[in-house]
file protein.txt (compact mmCIF, C-alpha atoms)
# COMPACT_ATOMS: atom_id res chain seq x y z
CA MET A 1 6.60 -3.31 33.80
CA ASN A 2 3.28 -3.95 35.56
CA VAL A 3 0.74 -3.66 32.74
CA GLU A 4 -2.26 -4.33 34.95
CA ARG A 5 -1.16 -1.51 37.25
CA ILE A 6 -0.64 0.77 34.24
CA ARG A 7 -4.11 0.00 32.89
CA GLN A 8 -5.64 1.42 36.06
CA ASP A 9 -4.33 4.85 35.07
CA PHE A 10 -6.51 4.93 31.92
CA PRO A 11 -10.15 5.69 32.76
CA ILE A 12 -11.36 5.08 29.22
CA LEU A 13 -10.32 1.42 29.31
CA ALA A 14 -12.79 0.64 32.09
CA GLN A 15 -15.89 1.17 29.95
CA LEU A 16 -18.14 -1.25 28.09
CA VAL A 17 -18.59 -0.93 24.33
CA ASN A 18 -21.72 -2.60 22.99
CA GLY A 19 -22.00 -4.35 26.33
CA LYS A 20 -18.48 -5.81 26.13
CA PRO A 21 -15.28 -4.72 27.89
CA LEU A 22 -13.36 -2.39 25.59
CA VAL A 23 -10.29 -3.77 23.81
CA TYR A 24 -8.57 -0.78 22.23
CA LEU A 25 -6.24 -1.78 19.38
CA ASP A 26 -6.11 1.43 17.33
CA ASN A 27 -3.01 2.93 18.91
CA ALA A 28 -1.29 3.74 15.62
CA ALA A 29 -4.12 6.24 15.04
CA THR A 30 -4.08 7.69 18.56
CA THR A 31 -3.32 6.48 22.07
CA GLN A 32 -5.40 6.81 25.21
CA LYS A 33 -4.39 9.23 27.98
CA PRO A 34 -3.53 8.36 31.59
CA ARG A 35 -4.98 10.30 34.51
CA GLN A 36 -1.60 11.93 35.04
CA VAL A 37 -1.81 13.64 31.64
CA ILE A 38 -5.47 14.57 32.06
CA ASP A 39 -4.74 16.00 35.52
CA ALA A 40 -1.77 18.02 34.25
CA ILE A 41 -3.97 19.67 31.62
CA ARG A 42 -6.72 20.34 34.16
CA ARG A 43 -4.20 21.92 36.57
CA TYR A 44 -2.93 24.17 33.81
CA TYR A 45 -6.40 25.57 33.18
CA GLU A 46 -7.29 25.79 36.86
CA GLU A 47 -4.04 27.30 38.12
CA TYR A 48 -1.92 29.11 35.52
CA ASN A 49 -3.69 29.50 32.18
CA ALA A 50 -2.10 32.49 30.42
CA ASN A 51 -0.42 33.45 27.18
CA VAL A 52 3.30 32.81 27.10
CA HIS A 53 6.50 34.80 26.57
CA ARG A 54 4.98 38.29 26.34
CA SER A 55 3.23 38.55 29.71
CA ILE A 56 5.17 39.79 32.71
CA HIS A 57 2.54 38.91 35.29
CA THR A 58 2.80 35.83 37.53
CA LEU A 59 0.44 33.56 35.58
CA GLY A 60 2.16 34.42 32.31
CA GLU A 61 5.56 33.65 33.78
CA ARG A 62 4.35 30.31 35.16
CA ALA A 63 2.80 29.35 31.83
CA THR A 64 5.97 30.35 29.97
CA ALA A 65 8.12 28.32 32.35
CA ALA A 66 5.90 25.25 31.88
CA TYR A 67 5.91 25.65 28.10
CA GLU A 68 9.68 25.90 27.86
CA GLU A 69 10.17 23.11 30.42
CA ALA A 70 8.08 20.91 28.12
CA ARG A 71 10.41 21.77 25.25
CA ALA A 72 13.42 20.74 27.35
CA LYS A 73 11.76 17.42 28.22
CA VAL A 74 11.05 16.77 24.54
CA ALA A 75 14.67 17.50 23.63
CA ALA A 76 15.94 15.08 26.27
CA PHE A 77 13.44 12.42 25.16
CA ILE A 78 14.79 12.33 21.59
CA ASP A 79 18.38 13.20 22.58
CA ALA A 80 18.34 16.53 20.73
CA PRO A 81 21.48 18.61 21.31
CA GLU A 82 19.49 21.59 22.67
CA PRO A 83 15.84 22.52 23.31
CA ALA A 84 15.94 25.32 20.75
CA THR A 85 16.11 22.73 17.97
CA CYS A 86 12.65 21.38 18.93
CA ILE A 87 9.74 23.34 17.44
CA PHE A 88 6.21 22.87 18.70
CA VAL A 89 3.73 22.22 15.90
CA ARG A 90 0.21 20.77 15.80
CA ASN A 91 1.28 17.27 14.75
CA ALA A 92 3.82 15.36 12.69
CA SER A 93 1.98 16.31 9.50
CA GLU A 94 2.47 20.01 10.17
CA GLY A 95 6.12 19.44 11.00
CA LEU A 96 6.72 17.65 7.70
CA ASN A 97 4.88 20.36 5.78
CA LEU A 98 7.00 22.97 7.52
CA VAL A 99 10.16 21.31 6.23
CA ALA A 100 8.71 20.82 2.75
CA TYR A 101 7.79 24.48 2.36
CA SER A 102 10.37 26.33 4.44
CA TYR A 103 13.32 24.16 3.39
CA GLY A 104 12.23 22.34 0.23
CA MET A 105 10.90 25.41 -1.57
CA GLN A 106 14.11 27.23 -0.67
CA VAL A 107 16.65 24.70 -1.98
CA LEU A 108 14.99 22.67 -4.73
CA ARG A 109 15.52 23.50 -8.39
CA PRO A 110 14.32 21.90 -11.65
CA GLY A 111 15.97 18.51 -12.09
CA ASP A 112 16.67 18.01 -8.38
CA GLU A 113 15.38 14.79 -6.82
CA ILE A 114 13.44 13.98 -3.66
CA LEU A 115 13.85 10.37 -2.55
CA LEU A 116 11.01 8.71 -0.62
CA SER A 117 10.10 5.19 0.41
CA PRO A 118 7.01 3.48 -1.10
CA LEU A 119 5.43 3.02 2.34
CA GLU A 120 5.14 6.68 3.29
CA HIS A 121 2.08 8.07 5.05
CA HIS A 122 0.37 10.68 2.89
CA SER A 123 1.76 13.33 5.26
CA ASN A 124 5.27 12.50 4.04
CA LEU A 125 4.24 12.10 0.41
CA VAL A 126 1.68 14.75 -0.54
CA PRO A 127 3.77 17.75 0.67
CA TRP A 128 6.67 16.59 -1.46
CA GLN A 129 4.39 16.11 -4.46
CA LEU A 130 3.22 19.71 -4.06
CA VAL A 131 6.74 21.07 -3.62
CA ALA A 132 8.04 19.06 -6.58
CA ARG A 133 5.26 20.47 -8.75
CA ARG A 134 6.17 24.02 -7.78
CA THR A 135 9.94 23.68 -8.05
CA GLY A 136 10.37 21.29 -10.98
CA ALA A 137 12.00 18.68 -8.76
CA ARG A 138 11.35 14.97 -9.32
CA LEU A 139 10.16 12.29 -6.90
CA ARG A 140 12.01 8.97 -6.78
CA PHE A 141 11.42 5.96 -4.56
CA LEU A 142 13.65 3.57 -2.66
CA PRO A 143 13.48 -0.04 -3.88
CA MET A 144 11.38 -2.04 -1.42
CA ARG A 145 10.25 -5.63 -1.03
CA PRO A 146 6.52 -6.36 -0.56
CA ASP A 147 7.02 -6.92 3.19
CA GLY A 148 8.28 -3.37 3.64
CA THR A 149 11.98 -4.13 3.97
CA LEU A 150 14.25 -1.99 1.81
CA GLU A 151 16.69 -3.31 -0.76
CA LEU A 152 19.57 -1.29 0.59
CA GLU A 153 22.01 -2.86 -1.86
CA ARG A 154 20.16 -0.97 -4.61
CA LEU A 155 20.41 2.38 -2.84
CA PRO A 156 23.13 3.68 -5.23
CA GLU A 157 20.66 3.30 -8.12
CA VAL A 158 18.34 5.97 -6.72
CA LEU A 159 20.59 8.04 -4.45
CA THR A 160 22.61 10.27 -6.78
CA GLU A 161 24.29 13.66 -6.92
CA ARG A 162 20.87 15.07 -7.94
CA THR A 163 19.26 13.93 -4.67
CA ARG A 164 18.64 16.94 -2.44
CA ILE A 165 16.19 15.52 0.10
CA VAL A 166 15.56 12.01 1.43
CA ALA A 167 12.24 11.75 3.33
CA VAL A 168 11.35 8.45 4.99
CA ALA A 169 9.24 7.03 7.79
CA HIS A 170 11.18 5.52 10.66
CA ALA A 171 8.44 2.92 11.12
CA SER A 172 5.58 2.16 8.74
CA ASN A 173 2.11 2.91 10.09
CA THR A 174 0.74 0.08 7.91
CA LEU A 175 3.36 -2.65 7.69
CA GLY A 176 5.08 -2.01 11.00
CA ALA A 177 8.41 -2.25 9.18
CA ILE A 178 11.26 -0.36 10.87
CA LEU A 179 13.46 1.32 8.30
CA PRO A 180 17.27 1.48 8.70
CA VAL A 181 17.26 5.25 9.08
CA LYS A 182 20.84 5.50 10.30
CA ALA A 183 22.19 3.69 7.22
CA ILE A 184 19.96 5.74 4.92
CA ALA A 185 21.15 8.98 6.55
CA GLU A 186 24.79 8.02 6.18
CA ALA A 187 24.34 7.25 2.48
CA ALA A 188 22.28 10.40 1.91
CA HIS A 189 24.81 12.66 3.58
CA ALA A 190 27.55 11.15 1.43
CA VAL A 191 25.89 12.71 -1.64
CA GLY A 192 25.00 15.95 0.14
CA ALA A 193 21.31 15.24 0.71
CA VAL A 194 19.29 16.28 3.73
CA VAL A 195 17.32 13.60 5.63
CA VAL A 196 13.75 14.15 6.84
CA VAL A 197 12.21 11.47 9.08
CA ASP A 198 8.58 10.85 9.95
CA GLY A 199 8.91 9.62 13.52
CA ALA A 200 5.18 9.40 14.29
CA GLN A 201 5.33 5.60 14.71
CA SER A 202 8.82 5.37 16.19
CA VAL A 203 9.28 8.04 18.87
CA PRO A 204 6.36 6.76 21.00
CA HIS A 205 7.41 3.13 20.67
CA MET A 206 11.20 2.78 20.71
CA PRO A 207 14.29 4.68 21.86
CA VAL A 208 15.09 7.40 19.31
CA SER A 209 18.25 9.50 19.39
CA VAL A 210 18.40 12.12 16.66
CA ARG A 211 22.13 12.48 17.31
CA GLU A 212 22.83 8.78 16.93
CA LEU A 213 20.68 8.52 13.80
CA ASP A 214 22.23 11.77 12.51
CA VAL A 215 18.99 12.87 10.85
CA ASP A 216 18.50 16.49 9.80
CA PHE A 217 14.78 16.72 10.62
CA LEU A 218 12.41 14.49 12.59
CA ALA A 219 8.70 15.04 13.25
CA PHE A 220 6.34 13.29 15.66
CA SER A 221 2.93 13.75 17.33
CA GLY A 222 2.08 13.95 21.03
CA HIS A 223 -1.27 12.18 20.77
CA LYS A 224 0.42 8.96 19.64
CA MET A 225 2.43 8.80 22.88
CA MET A 226 -0.34 9.36 25.46
CA GLY A 227 -0.23 13.15 25.12
CA PRO A 228 -3.10 15.35 23.92
CA MET A 229 -4.08 16.02 20.34
CA GLY A 230 -2.99 19.26 18.72
CA ILE A 231 0.66 19.16 19.82
CA GLY A 232 3.61 17.78 17.91
CA VAL A 233 7.31 18.40 17.51
CA LEU A 234 9.68 19.10 14.66
CA TYR A 235 13.36 18.60 15.44
CA GLY A 236 15.86 20.18 13.09
CA LYS A 237 19.58 20.76 13.08
CA ARG A 238 20.31 24.32 14.16
CA GLU A 239 22.27 25.30 11.05
CA LEU A 240 19.36 24.28 8.81
CA LEU A 241 16.64 25.90 10.93
CA GLU A 242 18.54 29.18 11.04
CA ARG A 243 18.76 29.27 7.23
CA MET A 244 15.05 28.62 6.72
CA ASP A 245 12.33 31.24 6.38
CA PRO A 246 9.28 31.05 8.66
CA PHE A 247 6.40 28.81 7.67
CA LEU A 248 3.72 31.10 9.17
CA GLY A 249 3.69 34.81 9.94
CA GLY A 250 2.19 36.56 12.95
CA GLY A 251 2.94 37.25 16.57
CA GLU A 252 5.89 35.76 18.47
CA MET A 253 7.87 34.79 15.35
CA ILE A 254 9.13 38.34 14.74
CA ARG A 255 12.01 40.39 16.12
CA SER A 256 10.94 43.71 14.63
CA VAL A 257 8.22 44.88 12.24
CA THR A 258 7.83 48.02 10.14
CA TYR A 259 5.18 48.73 7.53
CA GLU A 260 7.63 47.65 4.86
CA GLU A 261 9.47 44.63 6.27
CA SER A 262 10.10 42.36 9.24
CA THR A 263 12.97 40.48 10.83
CA TRP A 264 12.61 37.11 12.49
CA ASN A 265 12.93 35.87 16.05
CA ASP A 266 15.48 33.26 17.08
CA ILE A 267 14.72 29.57 16.74
CA PRO A 268 12.51 27.88 17.79
CA TRP A 269 10.12 30.83 18.14
CA LYS A 270 10.70 31.86 14.51
CA PHE A 271 8.48 28.92 13.57
CA GLU A 272 5.84 29.29 16.31
CA ALA A 273 3.57 32.08 15.08
CA GLY A 274 0.66 33.15 17.23
CA THR A 275 -0.57 31.84 20.55
CA PRO A 276 0.86 28.32 20.94
CA ASN A 277 -0.85 25.22 22.32
CA VAL A 278 0.42 25.63 25.88
CA GLU A 279 -2.09 23.08 27.16
CA GLY A 280 -0.76 20.57 24.63
CA ALA A 281 2.86 21.18 25.61
CA VAL A 282 2.00 20.71 29.29
CA GLY A 283 0.16 17.47 28.46
CA LEU A 284 3.02 16.20 26.29
CA ALA A 285 5.50 16.88 29.10
CA ALA A 286 3.27 14.89 31.47
CA ALA A 287 3.15 12.03 28.93
CA ILE A 288 6.96 11.99 28.74
CA ASP A 289 7.12 11.92 32.54
CA TYR A 290 4.68 9.01 32.54
CA ILE A 291 6.77 7.04 30.04
CA ASN A 292 9.96 7.67 31.96
CA GLU A 293 8.70 7.31 35.54
CA VAL A 294 5.76 4.89 35.44
CA VAL A 295 6.51 2.79 32.37
CA GLY A 296 10.25 2.80 33.04
CA GLY A 297 11.29 4.18 29.66
CA VAL A 298 10.35 3.74 26.04
CA ALA A 299 12.57 0.65 25.70
CA ASN A 300 10.06 -1.16 27.93
CA ILE A 301 7.29 -0.20 25.52
CA GLN A 302 9.28 -1.61 22.60
CA ARG A 303 9.88 -4.93 24.35
CA HIS A 304 6.24 -5.19 25.39
CA GLU A 305 4.94 -4.46 21.90
CA HIS A 306 7.35 -6.94 20.33
CA ASP A 307 5.96 -9.67 22.57
CA LEU A 308 2.37 -8.73 21.73
CA VAL A 309 2.81 -8.50 17.96
CA GLN A 310 4.67 -11.82 17.78
CA TYR A 311 2.01 -13.46 19.95
CA ALA A 312 -0.74 -11.95 17.79
CA MET A 313 0.79 -13.17 14.53
CA ARG A 314 1.14 -16.67 15.93
CA ARG A 315 -2.42 -16.81 17.32
CA LEU A 316 -4.01 -15.39 14.17
CA ARG A 317 -2.22 -17.81 11.87
CA GLU A 318 -3.00 -20.80 14.08
CA SER A 319 -6.67 -19.85 14.30
CA PHE A 320 -7.44 -18.64 10.78
CA PRO A 321 -5.63 -20.05 7.73
CA GLU A 322 -7.45 -17.51 5.55
CA ILE A 323 -5.77 -14.54 7.26
CA ARG A 324 -3.00 -12.78 5.37
CA ILE A 325 -0.63 -10.70 7.48
CA TYR A 326 1.41 -7.92 5.85
CA GLY A 327 4.86 -6.70 6.83
CA PRO A 328 8.11 -8.29 7.98
CA GLU A 329 8.31 -11.17 10.43
CA GLU A 330 10.92 -9.46 12.59
CA ASN A 331 12.19 -5.93 13.15
CA ARG A 332 8.68 -4.54 13.21
CA ALA A 333 6.77 -2.14 15.42
CA GLY A 334 3.62 -3.14 17.29
CA ILE A 335 1.45 -2.84 14.17
CA LEU A 336 -0.36 -5.71 12.49
CA ALA A 337 -2.15 -5.16 9.16
CA PHE A 338 -4.13 -8.09 7.76
CA THR A 339 -6.92 -9.17 5.46
CA PHE A 340 -9.43 -11.88 6.40
CA GLY A 341 -10.14 -14.02 3.37
CA ASP A 342 -12.35 -12.18 0.88
CA LEU A 343 -14.12 -10.09 3.52
CA HIS A 344 -13.97 -6.34 3.21
CA PRO A 345 -11.97 -4.84 6.09
CA HIS A 346 -14.83 -2.46 6.93
CA ASP A 347 -17.17 -5.42 7.44
CA VAL A 348 -14.60 -7.14 9.65
CA ALA A 349 -14.09 -4.01 11.76
CA THR A 350 -17.85 -3.50 12.15
CA VAL A 351 -18.38 -6.97 13.61
CA LEU A 352 -15.32 -6.57 15.85
CA ASP A 353 -16.73 -3.31 17.17
CA ALA A 354 -19.93 -5.14 18.10
CA GLU A 355 -17.69 -7.37 20.24
CA GLY A 356 -16.03 -4.37 21.91
CA VAL A 357 -12.79 -4.65 19.90
CA ALA A 358 -11.58 -1.42 18.28
CA ILE A 359 -9.27 -1.76 15.27
CA ARG A 360 -8.66 0.28 12.13
CA ALA A 361 -10.00 -0.48 8.66
CA GLY A 362 -9.02 1.30 5.45
CA HIS A 363 -5.88 2.34 3.63
CA HIS A 364 -4.39 4.06 6.72
CA CYS A 365 -3.28 7.09 4.67
CA THR A 366 -1.02 4.83 2.58
CA MET A 367 -3.20 4.48 -0.51
CA PRO A 368 -0.35 3.98 -3.03
CA LEU A 369 1.20 1.29 -0.82
CA HIS A 370 -2.08 -0.60 -0.66
CA ARG A 371 -2.92 -0.35 -4.33
CA GLU A 372 0.48 -0.71 -5.96
CA VAL A 373 2.50 -2.84 -3.53
CA LEU A 374 0.03 -4.84 -1.44
CA GLN A 375 -2.51 -4.86 -4.31
CA VAL A 376 -5.52 -4.56 -2.02
CA VAL A 377 -7.92 -1.66 -1.53
CA ALA A 378 -7.79 -1.78 2.26
CA THR A 379 -6.58 -3.76 5.27
CA ASN A 380 -7.51 -4.22 8.88
CA ARG A 381 -4.94 -2.94 11.37
CA ALA A 382 -4.48 -3.85 15.01
CA SER A 383 -1.88 -1.73 16.78
CA PHE A 384 -0.60 -2.10 20.32
CA TYR A 385 0.64 0.08 23.14
CA VAL A 386 1.80 -0.09 26.72
CA TYR A 387 -1.61 -0.88 28.23
CA ASN A 388 -2.47 -3.77 25.88
CA THR A 389 -2.15 -7.39 27.02
CA ARG A 390 -2.09 -10.89 25.60
CA GLU A 391 -5.69 -11.13 26.80
CA ASP A 392 -6.51 -8.32 24.38
CA VAL A 393 -5.02 -10.41 21.58
CA ASP A 394 -7.12 -13.38 22.70
CA ARG A 395 -10.23 -11.18 22.58
CA LEU A 396 -9.29 -10.13 19.05
CA VAL A 397 -9.02 -13.79 18.02
CA GLU A 398 -12.37 -14.60 19.65
CA ALA A 399 -14.01 -11.68 17.90
CA LEU A 400 -12.59 -12.74 14.53
CA GLY A 401 -14.18 -16.12 15.19
CA LYS A 402 -17.50 -14.26 15.47
CA VAL A 403 -16.74 -12.55 12.16
CA LYS A 404 -16.17 -15.90 10.47
CA GLU A 405 -19.31 -17.36 12.00
CA PHE A 406 -21.46 -14.37 11.04
CA PHE A 407 -20.39 -14.23 7.40
CA SER A 408 -20.62 -18.02 6.96
CA HIS A 409 -24.32 -17.70 7.87
CA VAL A 410 -24.76 -14.70 5.56
CA ALA A 411 -23.22 -16.63 2.67
call {"tool": "encode", "arguments": {"input": "protein.txt", "output": "structure tokens"}}
result
Amino acid sequence: MNVERIRQDFPILAQLVNGKPLVYLDNAATTQKPRQVIDAIRRYYEEYNANVHRSIHTLGERATAAYEEARAKVAAFIDAPEPATCIFVRNASEGLNLVAYSYGMQVLRPGDEILLSPLEHHSNLVPWQLVARRTGARLRFLPMRPDGTLELERLPEVLTERTRIVAVAHASNTLGAILPVKAIAEAAHAVGAVVVVDGAQSVPHMPVSVRELDVDFLAFSGHKMMGPMGIGVLYGKRELLERMDPFLGGGEMIRSVTYEESTWNDIPWKFEAGTPNVEGAVGLAAAIDYINEVVGGVANIQRHEHDLVQYAMRRLRESFPEIRIYGPEENRAGILAFTFGDLHPHDVATVLDAEGVAIRAGHHCTMPLHREVLQVVATNRASFYVYNTREDVDRLVEALGKVKEFFSHVA
């Protein structure tokens, strides 16, 4: 994989920030877009912008074909058994909410249990809190070590005949920990539970097969894999999707309507009310093509990120004894959360930005994890993607040296 060649496809990386070459290390929040994706979106608007499915004119048919071709590419990318099991949503958060309300509200009863991990993003925690409050179900949490690895030997303590839903992240957006989803799914299915996976930090970064993992639902976002914002995907097993009621009502999701009642369209359109984000689907398809054809597949991304995150951990520890890195040593995604002595992460990120280095600072939508497990208010987070290099890591280390120098003078 020629990273320097790949970098040339990203116009945004060529700019200066505060007079310094940009080093973009906030990929867990969103990734940058290659020209191929930008051009695909531009061509859509210049050549065949139209509403889909209902129009019988030429532009409408071309837009519909592109929209459904994007769905087929998504299905192949995650090894879904058929395109119809892939629903277009705005983002992973909407996909998880769809499951919580359309499935959770339908099946949960007082005394039932929803099992989560302690490292969940708020998008895979708050919806279940709301549904539990409405249904009388109870939230329980998988036993986890401080580095984000699960104590699987204790799974029988929390996975019982009362467990109806198990909802977990495939990879932590804070700790980078990769959860053993396949083992969790096998144990969950043994007690009759349904498995919901937040794939926002896994699908863009490692090979994911929903059939091999045998998960019941999986959600991910296009903007975290070089696609545009406003498009995401929810995969679900056909038999579950067909039993669920729609999440939103409106056009496209109906089969017939009278003044008194309605019947629903087939999946996936049952869950795609109103005019969809055709532009987003076209851009996501172009991003998948880019990963497959230019990058050489998502496995190359995983190998590249593993090299970068291991190199970054080594360089940071060698350079700054006061740095504390969170998460496991191995089996982690390209995410590196850390604190720098007693400095507030916002102060660290501000000085880094002055040096042209973009990282994240805050609780990363994992507030309970920070407060109750890590026992800090916030962390800094550097996260890598296909266009990052070891030189970017070196620039991060240099910029942290500036942080140390600046605050030593302030003190």
call {"tool": "residues_around", "arguments": {"input": "protein.txt", "residues": "range 32-46 of chain A", "least_positions_apart": "6", "cutoff": "8 Å", "atoms": "only C-alpha atoms", "output": "PDB file with C-alpha atoms, keeping the file's coordinate frame"}}
result
ATOM      1  CA  ASP A   9      -4.330   4.850  35.070  1.00  0.00           C
ATOM      2  CA  PHE A  10      -6.510   4.930  31.920  1.00  0.00           C
ATOM      3  CA  PRO A  11     -10.150   5.690  32.760  1.00  0.00           C
ATOM      4  CA  ILE A  12     -11.360   5.080  29.220  1.00  0.00           C
ATOM      5  CA  ALA A  63       2.800  29.350  31.830  1.00  0.00           C
ATOM      6  CA  MET A 226      -0.340   9.360  25.460  1.00  0.00           C
ATOM      7  CA  GLY A 227      -0.230  13.150  25.120  1.00  0.00           C
ATOM      8  CA  PRO A 228      -3.100  15.350  23.920  1.00  0.00           C
ATOM      9  CA  GLU A 279      -2.090  23.080  27.160  1.00  0.00           C
ATOM     10  CA  GLY A 280      -0.760  20.570  24.630  1.00  0.00           C
ATOM     11  CA  VAL A 282       2.000  20.710  29.290  1.00  0.00           C
ATOM     12  CA  GLY A 283       0.160  17.470  28.460  1.00  0.00           C
ATOM     13  CA  LEU A 284       3.020  16.200  26.290  1.00  0.00           C
ATOM     14  CA  ALA A 286       3.270  14.890  31.470  1.00  0.00           C
ATOM     15  CA  ALA A 287       3.150  12.030  28.930  1.00  0.00           C
ATOM     16  CA  TYR A 290       4.680   9.010  32.540  1.00  0.00           C
TER      17      TYR A 290
END
call {"tool": "closest_atom_pairs", "arguments": {"input": "protein.txt", "of": "range 155-267 of chain A", "to": "range 14-28 of chain A", "cutoff": "12 Å", "atoms": "only C-alpha atoms", "output": "tab-separated table"}}
result
residue	atom	partner	partner_atom	distance
A:Ala171	CA	A:Ala28	CA	10.8
A:Ser172	CA	A:Ala28	CA	9.9
A:Asn173	CA	A:Ala28	CA	6.5
A:Thr174	CA	A:Ala28	CA	8.8
A:Leu175	CA	A:Ala28	CA	11.2
A:Gly176	CA	A:Ala28	CA	9.7
A:Gly199	CA	A:Ala28	CA	12.0
A:Ala200	CA	A:Ala28	CA	8.7
A:Gln201	CA	A:Ala28	CA	6.9
A:Ser202	CA	A:Ala28	CA	10.3
A:Val203	CA	A:Ala28	CA	11.9
A:Pro204	CA	A:Ala28	CA	9.8
A:His205	CA	A:Ala28	CA	10.1
A:Ser221	CA	A:Ala28	CA	11.0
A:His223	CA	A:Asn27	CA	9.6
A:Lys224	CA	A:Ala28	CA	6.8
A:Met225	CA	A:Asn27	CA	8.9
A:Met226	CA	A:Asn27	CA	9.6
call {"tool": "closest_residue", "arguments": {"input": "protein.txt", "among": "A:Ser319, A:Pro328, A:Gln375, A:Tyr48", "to": "Leu400 in chain A", "atoms": "only C-alpha atoms"}}
result
A:Ser319
call {"tool": "closest_residue", "arguments": {"input": "protein.txt", "among": "A:Trp128, A:Phe384, A:Trp269, A:Tyr259", "to": "Gln310 in chain A", "atoms": "only C-alpha atoms"}}
result
A:Phe384
call {"tool": "atom_distance", "arguments": {"input": "protein.txt", "atom1": "CA of Gly362 in chain A", "atom2": "CA of Ser123 in chain A"}}
result
16.2 Å
call {"tool": "closest_residue", "arguments": {"input": "protein.txt", "among": "A:Val298, A:Leu234, A:Ala29, A:Ile254", "to": "Ile335 in chain A", "atoms": "only C-alpha atoms"}}
result
A:Ala29
call {"tool": "residues_around", "arguments": {"input": "protein.txt", "residues": "Ala361 in chain A", "least_positions_apart": "5", "cutoff": "9 Å", "atoms": "only C-alpha atoms", "output": "compact mmCIF listing (two decimals) with C-alpha atoms, keeping the file's coordinate frame"}}
result
# COMPACT_ATOMS: atom_id res chain seq x y z
CA HIS A 344 -13.97 -6.34 3.21
CA PRO A 345 -11.97 -4.84 6.09
CA HIS A 346 -14.83 -2.46 6.93
CA ASP A 347 -17.17 -5.42 7.44
CA VAL A 348 -14.60 -7.14 9.65
CA ALA A 349 -14.09 -4.01 11.76
CA ALA A 378 -7.79 -1.78 2.26
CA THR A 379 -6.58 -3.76 5.27
CA ASN A 380 -7.51 -4.22 8.88
CA ARG A 381 -4.94 -2.94 11.37
